[in-house]
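model-v2.tsv (TSV, C-alpha atoms) appears below.
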chain	number	residue	atom	x	y	z
U	32	MET	CA	-5.91	-7.46	-11.67
U	33	SER	CA	-4.48	-4.32	-10.13
U	34	VAL	CA	-5.89	-2.63	-7.05
U	35	ARG	CA	-4.58	0.78	-6.05
U	36	LEU	CA	-5.34	2.15	-2.60
U	37	THR	CA	-4.14	5.60	-1.59
U	38	ALA	CA	-2.81	6.62	1.84
U	39	ARG	CA	-4.53	4.92	4.78
U	40	PRO	CA	-7.53	3.26	3.15
U	41	ARG	CA	-10.71	2.44	5.00
U	42	ARG	CA	-10.16	-0.83	6.80
U	43	ALA	CA	-13.00	-2.67	5.05
U	44	THR	CA	-11.81	-1.60	1.58
U	45	PHE	CA	-8.26	-2.57	2.45
U	46	PHE	CA	-9.09	-6.07	3.70
U	47	GLU	CA	-11.59	-6.70	0.90
U	48	ALA	CA	-8.87	-5.92	-1.67
U	49	MET	CA	-6.39	-8.15	0.14
U	50	ASN	CA	-8.84	-11.06	0.34
U	51	PHE	CA	-9.92	-10.53	-3.26
U	52	ALA	CA	-6.29	-11.00	-4.29
U	53	GLY	CA	-5.15	-13.58	-1.75
U	54	VAL	CA	-7.92	-16.14	-1.45
U	55	PRO	CA	-7.90	-17.24	-5.10
U	56	GLN	CA	-4.16	-16.40	-5.45
U	57	ALA	CA	-5.17	-14.05	-8.27
U	58	ALA	CA	-2.54	-12.91	-10.70
U	59	GLY	CA	-2.12	-9.27	-9.78
U	60	ARG	CA	-0.79	-6.70	-7.41
U	61	VAL	CA	-2.07	-4.49	-4.62
U	62	ARG	CA	-0.26	-1.16	-4.24
U	63	VAL	CA	-0.69	1.26	-1.36
U	64	THR	CA	0.75	4.76	-1.41
U	65	ASN	CA	1.43	5.40	2.28
U	66	ASN	CA	1.90	9.13	2.86
U	67	GLN	CA	2.10	8.55	6.65
U	68	TRP	CA	-0.94	10.74	7.42
U	69	ALA	CA	-4.57	10.10	8.27
U	70	ILE	CA	-6.14	13.40	7.17
U	71	SER	CA	-4.96	15.88	9.85
U	72	ARG	CA	-2.84	13.66	12.07
U	73	ALA	CA	0.08	11.32	11.69
U	74	ALA	CA	-1.04	7.78	10.96
U	75	ALA	CA	0.25	5.15	13.34
U	76	ALA	CA	0.65	1.59	12.12
U	77	PRO	CA	-2.59	-0.28	12.79
U	78	ASP	CA	-2.89	-3.46	14.81
U	79	GLY	CA	0.66	-3.36	16.18
U	80	ILE	CA	2.34	-4.07	12.85
U	81	ARG	CA	5.40	-2.18	11.68
U	82	THR	CA	4.42	-1.94	8.00
U	83	LEU	CA	1.22	-2.23	5.98
U	84	ALA	CA	3.06	-4.68	3.73
U	85	GLN	CA	2.98	-7.19	6.59
U	86	LYS	CA	-0.80	-7.42	6.11
U	87	ALA	CA	-0.15	-9.41	2.92
U	88	ILE	CA	1.02	-12.34	5.04
U	89	ALA	CA	-2.44	-12.63	6.62
U	90	ALA	CA	-3.97	-12.65	3.14
U	91	GLY	CA	-1.61	-15.40	2.00
U	92	PHE	CA	0.80	-13.62	-0.30
U	93	ILE	CA	4.07	-11.67	-0.41
U	94	GLY	CA	4.27	-8.01	0.60
U	95	GLU	CA	7.12	-5.55	0.47
U	96	GLN	CA	7.75	-1.98	1.49
U	97	VAL	CA	9.64	0.35	-0.83
U	98	ASP	CA	10.71	3.99	-0.78
U	99	GLY	CA	7.87	5.67	-2.65
U	100	ASN	CA	10.16	8.59	-3.53
U	101	ASP	CA	12.63	6.31	-5.32
U	102	ILE	CA	11.16	5.77	-8.78
U	103	LEU	CA	13.65	2.99	-9.54
U	104	ALA	CA	12.69	1.06	-6.39
U	105	VAL	CA	8.98	1.44	-7.16
U	106	HIS	CA	9.56	0.38	-10.77
U	107	ALA	CA	11.60	-2.68	-9.73
U	108	ALA	CA	8.92	-3.78	-7.24
U	109	ALA	CA	6.18	-3.30	-9.84
U	110	GLU	CA	8.13	-5.25	-12.46
U	111	GLU	CA	8.68	-8.14	-10.02
U	112	ALA	CA	4.96	-8.14	-9.14
U	113	ILE	CA	3.98	-8.18	-12.81
U	114	GLU	CA	6.47	-10.96	-13.60
U	115	ALA	CA	5.18	-13.03	-10.66
U	116	ALA	CA	1.59	-12.55	-11.81
U	117	ARG	CA	2.41	-13.58	-15.37
U	118	ASN	CA	4.13	-16.74	-14.16
U	119	GLY	CA	1.36	-17.86	-11.81
U	120	ARG	CA	3.17	-17.07	-8.56
U	121	GLY	CA	0.20	-15.24	-7.04
U	122	PRO	CA	-0.36	-11.63	-6.09
U	123	ARG	CA	2.11	-9.19	-4.58
U	124	PHE	CA	1.56	-6.27	-2.20
U	125	ILE	CA	3.65	-3.10	-2.60
U	126	GLU	CA	3.64	-0.40	0.09
U	127	ALA	CA	5.24	2.76	-1.32
U	128	VAL	CA	6.16	4.98	1.63
U	129	THR	CA	6.24	8.66	0.75
U	130	TYR	CA	5.39	12.05	2.28
U	131	ARG	CA	2.36	14.26	1.93
U	132	LEU	CA	3.63	17.66	0.90
U	133	GLY	CA	0.43	19.65	1.32
U	134	ASP	CA	-2.94	19.77	3.00
U	135	HIS	CA	-5.25	16.79	2.51
U	136	THR	CA	-8.17	19.01	1.49
U	137	THR	CA	-8.98	22.72	1.49
U	138	ALA	CA	-10.60	22.17	4.93
U	139	ASP	CA	-7.38	20.68	6.32
U	140	ASP	CA	-4.91	23.10	7.89
U	141	ALA	CA	-1.47	21.48	8.14
U	142	ALA	CA	-0.21	24.44	10.16
U	143	ARG	CA	-2.31	23.34	13.16

Starting from the coordinates I provided, produce the structure as structure tokens.
Amino acid sequence: MSVRLTARPRRATFFEAMNFAGVPQAAGRVRVTNNQWAISRAAAAPDGIRTLAQKAIAAGFIGEQVDGNDILAVHAAAEEAIEAARNGRGPRFIEAVTYRLGDHTTADDAAR
């Protein structure tokens, strides 16, 4: 199982994916690409947490934050998650922190 959520996902989708992975300790990974924006404004960490990866603890599995611009760090985290899944050590959560380089949509003006 692999669930990929982009940027700041809708809360319900996010928690459903986490529970879907964590409750049965499914062999898989949840990866979030965190571009630090919520459409036209900077996204603050929800619920007083410092990283989205910390949400994995509530779902009952391991989470880690990596530099999303470092392909080797992302690859290493993905390889560890895959190896853990193959060996029955439950799911892993990977938060890849990166930057959004352009507008979110054509209706979004980053210059504002």

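Within 6 Å of the file-frame point (-6.3, -14.2, 1.4), and using all atoms listed in the file, the polymer residues found are U:Asn50, U:Gly53, U:Val54, U:Ala90, U:Gly91.
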
Atom-to-atom span, CA of Gln56 (chain U) and CA of Leu103 (chain U), Å: 26.6 Å

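CA of Gln85 (chain U) to CA of Val63 (chain U) spans 12.2 Å [interatomic distance, one decimal].
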
Contacts of Pro122 (chain U) at 8 Å (all atoms listed in the file; same-chain gap of 6+ positions) as a list in words: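 My reading of the contact set: Ala52, Gly53, Gln56, Ala57, Ala58, Gly59, Arg60, Val61, Phe92, Ile93, Ala112, Ala115 and Ala116 of chain U.
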
7 Å contact set for Asn66 (chain U), only C-alpha atoms, chain neighbours under 3 positions out, as a list in words: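 Returned residues: Ala38, Val128, Thr129, Tyr130 and Arg131 of chain U.
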
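Interatomic distance, CA of Asn65 (chain U) to CA of Ala43 (chain U): 16.8 Å.
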
Closest of U:Pro55, U:Ile80, U:Glu126, U:Phe45 to Ala104 (chain U) - atom-to-atom distances counting all atoms listed in the file: U:Glu126

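Minimum distance to Ala89 (chain U) across U:Ile125, U:Phe46, U:Thr64, U:Leu132 (counting all atoms listed in the file) occurs at U:Phe46.
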
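Nearest to Phe51 (chain U) of all the residues U:Ile102, U:Ala87, U:Ala109, U:Ala127 is U:Ala87, counting only C-alpha atoms.
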